[in-house]
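Reading through the structure tokens given below for one structure.
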Amino acid sequence: MSQIFRYLPSVDQVLSSLEAIEDFRDLPRALIKDLVNDFLNVCREEIRSGAITTSEQLDLTALLPRLVAFVRAQSRPHFRRVLNGTGVVIHTNLGRSLLAKSAIKAVAEACGHYSNCEFDLSTGHRGSRYSHVEKILCDITGAEAALVVNNNAAAVFIMLETLAKGREVIVSRGQLVEIGGSFRIPDVMTKSGAILHEVGATNRSHVHDYENAINDETGALMRVHTSNFRVVGFTKEVTLPEMRELGDKYNLPVIEDLGSGSLYSLQGDGLLGEPTVQQTVAQGADVVSFSGDKVLGGPQAGIIVGRKEYIDRIKNNPVNRAMRIDKMTLAALEATLRLYLDMDEARRKVPTLKMITASQEALKSKARRLADAIRHSLGERAVVSMKKGVSRVGGGAFPEYDLPGTMVSIAVKNISVGDLKDALLQTDPPLVARIEDDEFLIDPRTLASTELKMAASALEQAMVSLTEK
Ligand SMILES: *Cc1c(COP(=O)(O)O)cnc(C)c1O
């Protein structure tokens, strides 16, 4: 065995064999060298374990295909594109919303050049970073003023820190939500210095519950959108107009954490039950916060709109500086908001809205194209069929709401659905799919037309890796 080690190619030999490979030209040389060393260590291990027994197996030409695959796999950036075959449109784990084309362009422009990010071109002096989006946010939502922070969690925190620190905030027990990633309203409230005053029961809260709770220590009334769950049956929550009335009677600000916060009314598309930001402002909330990358379909951001006196106080809070959004976000947000100046345009051009409102025919046609592409690449090995199924909006909006569509179901002889799903996470790009009742499904709603062939190719790659095993 020790004889064989002598036939291992040297690092330099291996490196020069890789020089001809186009894809690796842009990789840092030090990275390639490390990977070559790792690869040679794998070979050494295989000699020890008896997987490599002859000198021919160590011939550079024989090793090259594996070597190239190894370097390619190991040198990929950690942050990678994936294909979303889950049908969950706003999938937090997969990066939430995709930006509209105009927003992508604006980001590229903003980060590749200097800009008037915080520079007032009319005076030549320092300007406000928020000026780029404040007016358009007010125009769209009907609010008096607006500001933007890093995400909605930050928005909720700074609203409370500014308006209710050291004072009580009255919230219904049914709205003390946890939204995953360890964001819980009671915890955020504690950290902000506001004191939570819970009222009502889990399923029912009444105006008199709030009214009885108001005392000298009360700093605000708050409503939290129950984003990711629904209370059904014998339920009641106090409405925003009722809350507004109480706020006026006792001179208290009404704060609303809208969660997803849609600017486009999805009611016409049959999605009921979620108020738009415009409605929330019109019904008298003093400050409203919502995410930029949920149903709005823009970049990650926390948007706060409302009455000028409160927004000004939030803007001037020193904590605001720690939540400042960057220029790429601003550029993407402005470009996204501009699409909302014409709601039809928003629906056609904001990918998140487009996917949520896709027609049955469009989804069926996409499923058909996907099924054909998969049949073409897998041939006899797979049974591919189409079936009715449901997608989800995700991102804590329209919880439990079924978006009907057409799924592509794939069954491969002698390969379990679990193994197939796992193997697809290692393809290039990886494909994230779904298993339902032990059936392997791809939901084409969240795949772009240009990704259908890529999904079929991912399945082909997965099959290769599974049959090699
Ligand atoms: C999503 C959500 C948040 C947090 O928003 P991020 O933008 O993810 O920080 C806060 N409150 C509610 C009700 C939500 O749905």
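Identifiers for the structure tokens are assigned positionally: chains receive A, B, ... in sequence, residues are indexed from 1 per chain, and ligands are indexed from 1 in the order shown.
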**Request:** Mind checking which residues fall within 9 Å of segment 267-276 of chain A, counting only C-alpha atoms, ignoring those fewer than 3 positions away in the same chain, and posting them as an MDAnalysis selection string?
**Result:** chainID A and resid 141 225 258 261:264 279:281 356:357 397:398 401 403
Generate a file of the selected residues that holds N, CA, C and O atoms, formatted as a short mmCIF file (atom, residue, chain, number, x, y, z; two decimals), in the first residue's frame.
data_model
loop_
_atom_site.label_atom_id
_atom_site.label_comp_id
_atom_site.auth_asym_id
_atom_site.auth_seq_id
_atom_site.Cartn_x
_atom_site.Cartn_y
_atom_site.Cartn_z
N THR A 141 -49.97 55.70 0.72
CA THR A 141 -50.72 55.23 1.90
C THR A 141 -51.70 56.25 2.46
O THR A 141 -52.57 55.91 3.25
N HIS A 225 -51.10 42.56 14.14
CA HIS A 225 -51.75 41.69 13.17
C HIS A 225 -51.37 40.24 13.48
O HIS A 225 -50.18 39.92 13.58
N LEU A 258 -48.73 45.97 11.48
CA LEU A 258 -49.51 45.29 10.43
C LEU A 258 -48.84 44.01 9.93
O LEU A 258 -49.43 43.26 9.17
N GLY A 261 -48.48 43.87 5.70
CA GLY A 261 -48.74 45.20 5.17
C GLY A 261 -48.78 45.29 3.67
O GLY A 261 -47.80 45.59 3.01
N SER A 262 -49.95 45.04 3.11
CA SER A 262 -50.09 45.10 1.66
C SER A 262 -50.49 46.49 1.21
O SER A 262 -51.28 47.17 1.86
N LEU A 263 -49.95 46.93 0.09
CA LEU A 263 -50.37 48.21 -0.49
C LEU A 263 -51.38 47.97 -1.61
O LEU A 263 -52.07 48.86 -2.06
N TYR A 264 -51.42 46.73 -2.07
CA TYR A 264 -52.31 46.34 -3.16
C TYR A 264 -53.43 45.51 -2.54
O TYR A 264 -53.16 44.55 -1.81
N GLN A 279 -56.04 51.31 4.12
CA GLN A 279 -57.23 51.20 4.96
C GLN A 279 -56.88 51.46 6.42
O GLN A 279 -57.61 52.13 7.15
N THR A 280 -55.74 50.93 6.83
CA THR A 280 -55.33 51.06 8.22
C THR A 280 -55.06 52.52 8.57
O THR A 280 -55.44 53.00 9.65
N VAL A 281 -54.43 53.23 7.65
CA VAL A 281 -54.19 54.66 7.86
C VAL A 281 -55.52 55.41 7.89
O VAL A 281 -55.78 56.23 8.78
N ILE A 356 -48.69 35.56 -6.38
CA ILE A 356 -49.89 35.35 -5.55
C ILE A 356 -51.14 35.35 -6.42
O ILE A 356 -52.06 34.57 -6.20
N THR A 357 -51.16 36.25 -7.42
CA THR A 357 -52.39 36.42 -8.20
C THR A 357 -52.39 35.65 -9.52
O THR A 357 -53.26 35.86 -10.36
N ALA A 397 -48.63 36.11 6.06
CA ALA A 397 -49.78 36.83 5.52
C ALA A 397 -50.81 35.81 5.06
O ALA A 397 -50.43 34.74 4.56
N PHE A 398 -52.05 36.11 5.20
CA PHE A 398 -53.12 35.20 4.81
C PHE A 398 -52.85 33.78 5.33
O PHE A 398 -52.75 32.83 4.55
N TYR A 401 -54.46 30.26 4.28
CA TYR A 401 -55.24 30.57 3.09
C TYR A 401 -54.72 29.74 1.92
O TYR A 401 -53.56 29.80 1.58
N LEU A 403 -54.13 28.88 -1.81
CA LEU A 403 -54.11 29.42 -3.17
C LEU A 403 -54.17 28.22 -4.11
O LEU A 403 -53.21 27.46 -4.20
#
Within 6 Å of ligand 1: each chain A residue with its shortest pair, only C-alpha atoms and all ligand atoms, as JSON lines:
{"residue": "A:Asn151", "atom": "CA", "partner": "ligand 1", "partner_atom_place_in_ligand_line": "7 (O)", "distance": 4.2}
{"residue": "A:Asn152", "atom": "CA", "partner": "ligand 1", "partner_atom_place_in_ligand_line": "7 (O)", "distance": 3.7}
{"residue": "A:Ala153", "atom": "CA", "partner": "ligand 1", "partner_atom_place_in_ligand_line": "9 (O)", "distance": 3.7}
{"residue": "A:Val224", "atom": "CA", "partner": "ligand 1", "partner_atom_place_in_ligand_line": "13 (C)", "distance": 5.7}
{"residue": "A:His225", "atom": "CA", "partner": "ligand 1", "partner_atom_place_in_ligand_line": "13 (C)", "distance": 4.8}
{"residue": "A:Thr226", "atom": "CA", "partner": "ligand 1", "partner_atom_place_in_ligand_line": "13 (C)", "distance": 5.9}
{"residue": "A:Ser227", "atom": "CA", "partner": "ligand 1", "partner_atom_place_in_ligand_line": "15 (O)", "distance": 4.7}
{"residue": "A:Asp257", "atom": "CA", "partner": "ligand 1", "partner_atom_place_in_ligand_line": "13 (C)", "distance": 5.7}
{"residue": "A:Leu258", "atom": "CA", "partner": "ligand 1", "partner_atom_place_in_ligand_line": "13 (C)", "distance": 5.6}
{"residue": "A:Gly259", "atom": "CA", "partner": "ligand 1", "partner_atom_place_in_ligand_line": "15 (O)", "distance": 3.3}
{"residue": "A:Ser260", "atom": "CA", "partner": "ligand 1", "partner_atom_place_in_ligand_line": "15 (O)", "distance": 5.3}
{"residue": "A:Ser291", "atom": "CA", "partner": "ligand 1", "partner_atom_place_in_ligand_line": "7 (O)", "distance": 4.2}
{"residue": "A:Gly302", "atom": "CA", "partner": "ligand 1", "partner_atom_place_in_ligand_line": "7 (O)", "distance": 5.7}
{"residue": "A:Gly396", "atom": "CA", "partner": "ligand 1", "partner_atom_place_in_ligand_line": "15 (O)", "distance": 5.0}
Now that the selection is made, can you save its residues with C-alpha atoms as a tab-separated table (two decimals), in the first residue's frame?
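That gives us selection_14.tsv:
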chain	number	residue	atom	x	y	z
A	151	ASN	CA	-36.96	45.49	9.15
A	152	ASN	CA	-40.37	45.43	10.76
A	153	ALA	CA	-38.99	43.96	13.98
A	224	VAL	CA	-50.78	43.46	16.33
A	225	HIS	CA	-51.75	41.69	13.17
A	226	THR	CA	-52.07	37.97	13.95
A	227	SER	CA	-49.97	37.11	10.94
A	257	ASP	CA	-48.04	46.39	13.75
A	258	LEU	CA	-49.51	45.29	10.43
A	259	GLY	CA	-46.91	42.59	9.84
A	260	SER	CA	-47.04	41.98	6.14
A	291	SER	CA	-42.36	44.77	6.29
A	302	GLY	CA	-39.44	48.08	8.17
A	396	GLY	CA	-47.11	35.56	7.86
Check segment 66-307 of chain A with DSSP on the backbone and list each residue it calls strand (DSSP E), as a ChimeraX atom specification. /A:83-84,88-90,119-120,125-126,145-149,168-172,195-199,218-224,254-259,287-291,302-306
Write the selection just made, keeping N, CA and C atoms, as a compact mmCIF listing (two decimals), in the first residue's frame?
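Heads up, here's the output in part.txt:
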# COMPACT_ATOMS: atom_id res chain seq x y z
N LEU A 83 -33.81 27.07 -6.38
CA LEU A 83 -35.08 27.04 -7.08
C LEU A 83 -36.16 26.75 -6.05
N ASN A 84 -37.16 27.60 -5.98
CA ASN A 84 -38.23 27.43 -5.00
C ASN A 84 -39.39 26.66 -5.63
N VAL A 88 -44.55 28.24 -1.71
CA VAL A 88 -44.71 29.28 -0.68
C VAL A 88 -44.09 30.55 -1.25
N VAL A 89 -44.91 31.53 -1.54
CA VAL A 89 -44.42 32.70 -2.29
C VAL A 89 -43.43 33.52 -1.45
N ILE A 90 -43.87 33.87 -0.23
CA ILE A 90 -42.96 34.66 0.63
C ILE A 90 -42.33 33.68 1.62
N PHE A 119 -27.61 63.50 0.27
CA PHE A 119 -27.10 64.75 -0.28
C PHE A 119 -28.24 65.43 -1.02
N ASP A 120 -28.49 66.68 -0.65
CA ASP A 120 -29.60 67.40 -1.26
C ASP A 120 -29.09 68.14 -2.50
N HIS A 125 -26.12 70.66 0.07
CA HIS A 125 -25.76 70.30 1.44
C HIS A 125 -26.28 68.91 1.80
N ARG A 126 -25.98 68.53 3.02
CA ARG A 126 -26.43 67.24 3.50
C ARG A 126 -27.95 67.12 3.39
N ALA A 145 -46.64 61.26 7.23
CA ALA A 145 -45.19 61.16 7.27
C ALA A 145 -44.78 59.69 7.28
N ALA A 146 -43.51 59.46 6.97
CA ALA A 146 -43.04 58.08 6.90
C ALA A 146 -41.55 58.00 7.20
N LEU A 147 -41.12 56.84 7.67
CA LEU A 147 -39.69 56.57 7.75
C LEU A 147 -39.47 55.08 7.59
N VAL A 148 -38.23 54.74 7.31
CA VAL A 148 -37.94 53.34 7.02
C VAL A 148 -36.74 52.89 7.84
N VAL A 149 -36.86 51.72 8.46
CA VAL A 149 -35.73 51.14 9.19
C VAL A 149 -35.43 49.76 8.60
N GLU A 168 -47.24 52.05 30.05
CA GLU A 168 -47.97 50.82 29.70
C GLU A 168 -48.53 50.88 28.27
N VAL A 169 -48.45 49.74 27.62
CA VAL A 169 -49.06 49.62 26.30
C VAL A 169 -50.12 48.52 26.39
N ILE A 170 -51.32 48.85 26.00
CA ILE A 170 -52.41 47.88 26.13
C ILE A 170 -52.54 47.06 24.85
N VAL A 171 -52.45 45.75 25.00
CA VAL A 171 -52.55 44.83 23.85
C VAL A 171 -53.48 43.68 24.21
N SER A 172 -54.24 43.24 23.25
CA SER A 172 -55.13 42.09 23.46
C SER A 172 -54.32 40.81 23.61
N ILE A 195 -44.18 48.78 29.00
CA ILE A 195 -44.72 47.77 29.91
C ILE A 195 -46.01 47.19 29.31
N LEU A 196 -45.99 45.91 29.11
CA LEU A 196 -47.13 45.25 28.49
C LEU A 196 -48.30 45.17 29.46
N HIS A 197 -49.44 45.65 29.01
CA HIS A 197 -50.67 45.49 29.80
C HIS A 197 -51.63 44.67 28.95
N GLU A 198 -51.73 43.38 29.27
CA GLU A 198 -52.57 42.47 28.48
C GLU A 198 -54.02 42.64 28.87
N VAL A 199 -54.87 42.56 27.87
CA VAL A 199 -56.31 42.59 28.17
C VAL A 199 -57.05 41.51 27.38
N THR A 218 -50.76 54.61 31.25
CA THR A 218 -50.93 54.16 29.87
C THR A 218 -50.24 55.11 28.88
N GLY A 219 -49.43 54.50 27.98
CA GLY A 219 -48.72 55.31 27.00
C GLY A 219 -49.27 55.14 25.60
N ALA A 220 -49.86 53.99 25.30
CA ALA A 220 -50.37 53.75 23.95
C ALA A 220 -51.32 52.55 23.92
N LEU A 221 -52.13 52.52 22.87
CA LEU A 221 -52.96 51.35 22.59
C LEU A 221 -52.33 50.69 21.37
N MET A 222 -52.21 49.37 21.43
CA MET A 222 -51.54 48.72 20.30
C MET A 222 -52.33 47.55 19.75
N ARG A 223 -52.30 47.43 18.40
CA ARG A 223 -52.87 46.26 17.75
C ARG A 223 -51.76 45.56 16.99
N VAL A 224 -51.77 44.23 17.06
CA VAL A 224 -50.78 43.46 16.33
C VAL A 224 -51.52 42.53 15.39
N VAL A 254 -52.54 55.36 18.89
CA VAL A 254 -52.90 53.99 18.49
C VAL A 254 -51.82 53.48 17.54
N ILE A 255 -51.15 52.41 17.99
CA ILE A 255 -50.05 51.85 17.21
C ILE A 255 -50.52 50.55 16.58
N GLU A 256 -50.19 50.35 15.31
CA GLU A 256 -50.57 49.09 14.67
C GLU A 256 -49.35 48.43 14.03
N ASP A 257 -49.05 47.19 14.44
CA ASP A 257 -48.04 46.39 13.75
C ASP A 257 -48.80 45.54 12.74
N LEU A 258 -48.73 45.97 11.48
CA LEU A 258 -49.51 45.29 10.43
C LEU A 258 -48.84 44.01 9.93
N GLY A 259 -47.61 43.80 10.31
CA GLY A 259 -46.91 42.59 9.84
C GLY A 259 -46.57 42.71 8.37
N VAL A 287 -49.71 55.40 14.11
CA VAL A 287 -48.47 54.89 13.50
C VAL A 287 -48.69 53.43 13.11
N VAL A 288 -48.27 53.11 11.90
CA VAL A 288 -48.45 51.76 11.36
C VAL A 288 -47.10 51.27 10.88
N SER A 289 -46.76 50.02 11.23
CA SER A 289 -45.49 49.49 10.71
C SER A 289 -45.76 48.22 9.92
N PHE A 290 -44.91 47.97 8.93
CA PHE A 290 -45.03 46.76 8.11
C PHE A 290 -43.71 46.46 7.42
N SER A 291 -43.61 45.23 6.91
CA SER A 291 -42.36 44.77 6.29
C SER A 291 -42.27 45.22 4.83
N GLY A 302 -38.31 47.87 7.29
CA GLY A 302 -39.44 48.08 8.17
C GLY A 302 -39.96 49.47 7.89
N ILE A 303 -41.18 49.56 7.42
CA ILE A 303 -41.73 50.85 7.02
C ILE A 303 -42.68 51.34 8.10
N ILE A 304 -42.52 52.59 8.49
CA ILE A 304 -43.41 53.17 9.49
C ILE A 304 -44.08 54.38 8.87
N VAL A 305 -45.40 54.40 8.85
CA VAL A 305 -46.12 55.57 8.34
C VAL A 305 -47.10 56.04 9.40
N GLY A 306 -47.47 57.31 9.33
CA GLY A 306 -48.47 57.78 10.28
C GLY A 306 -48.46 59.28 10.48
(request) Return as an MDAnalysis selection string the full set of residues in segment 96-293 of chain A whose backbone-based DSSP assignment is helix (DSSP H, G or I). (result) chainID A and resid 101:112 131:141 152:164 173:175 185:192 207:213 240:250 267:269 277:282
Counting only C-alpha atoms, which of A:Ile140, A:Val14, A:Leu99, A:Met159 gets nearest to Lys315 of chain A?
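Among A:Ile140, A:Val14, A:Leu99, A:Met159, it is A:Met159 that comes nearest to Lys315 of chain A.
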10 Å contact set for Ser385 of chain A, only C-alpha atoms, chain neighbours under 3 positions out, as a CSV table (one decimal) with N, CA and C atoms, in the first residue's frame:
chain,number,residue,atom,x,y,z
A,367,ALA,N,-47.3,24.2,-15.2
A,367,ALA,CA,-47.1,22.9,-14.7
A,367,ALA,C,-46.9,21.9,-15.8
A,368,ARG,N,-47.7,22.2,-16.9
A,368,ARG,CA,-47.5,21.3,-18.1
A,368,ARG,C,-46.1,21.4,-18.7
A,371,ALA,N,-43.8,19.6,-16.3
A,371,ALA,CA,-43.9,18.1,-16.4
A,371,ALA,C,-43.2,17.6,-17.7
A,372,ASP,N,-43.4,18.3,-18.8
A,372,ASP,CA,-42.8,17.9,-20.1
A,372,ASP,C,-41.3,17.9,-20.0
A,375,ARG,N,-40.2,15.0,-17.9
A,375,ARG,CA,-40.3,13.7,-18.7
A,375,ARG,C,-39.2,13.6,-19.7
A,382,ALA,N,-39.1,7.9,-14.5
A,382,ALA,CA,-40.0,8.5,-13.6
A,382,ALA,C,-41.4,8.5,-14.1
A,407,MET,N,-50.0,21.2,-9.4
A,407,MET,CA,-48.7,20.7,-8.9
A,407,MET,C,-48.2,19.6,-9.9
A,408,VAL,N,-46.9,19.4,-9.9
A,408,VAL,CA,-46.3,18.3,-10.7
A,408,VAL,C,-45.8,17.3,-9.7
A,409,SER,N,-46.3,16.1,-9.9
A,409,SER,CA,-46.0,15.0,-8.9
A,409,SER,C,-45.0,14.0,-9.6
A,410,ILE,N,-44.0,13.6,-8.9
A,410,ILE,CA,-42.9,12.8,-9.5
A,410,ILE,C,-42.7,11.6,-8.7
A,411,ALA,N,-42.8,10.4,-9.3
A,411,ALA,CA,-42.4,9.2,-8.6
A,411,ALA,C,-41.3,8.5,-9.3
A,441,LEU,N,-43.7,16.5,-4.7
A,441,LEU,CA,-44.4,17.5,-5.5
A,441,LEU,C,-43.5,18.7,-5.8
Closest to Ser192 of chain A among A:Val390, A:Ala423, A:Val207, A:Ala154, using only C-alpha atoms?
->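 The shortest atom-to-atom distance to Ser192 of chain A comes from A:Ala154.
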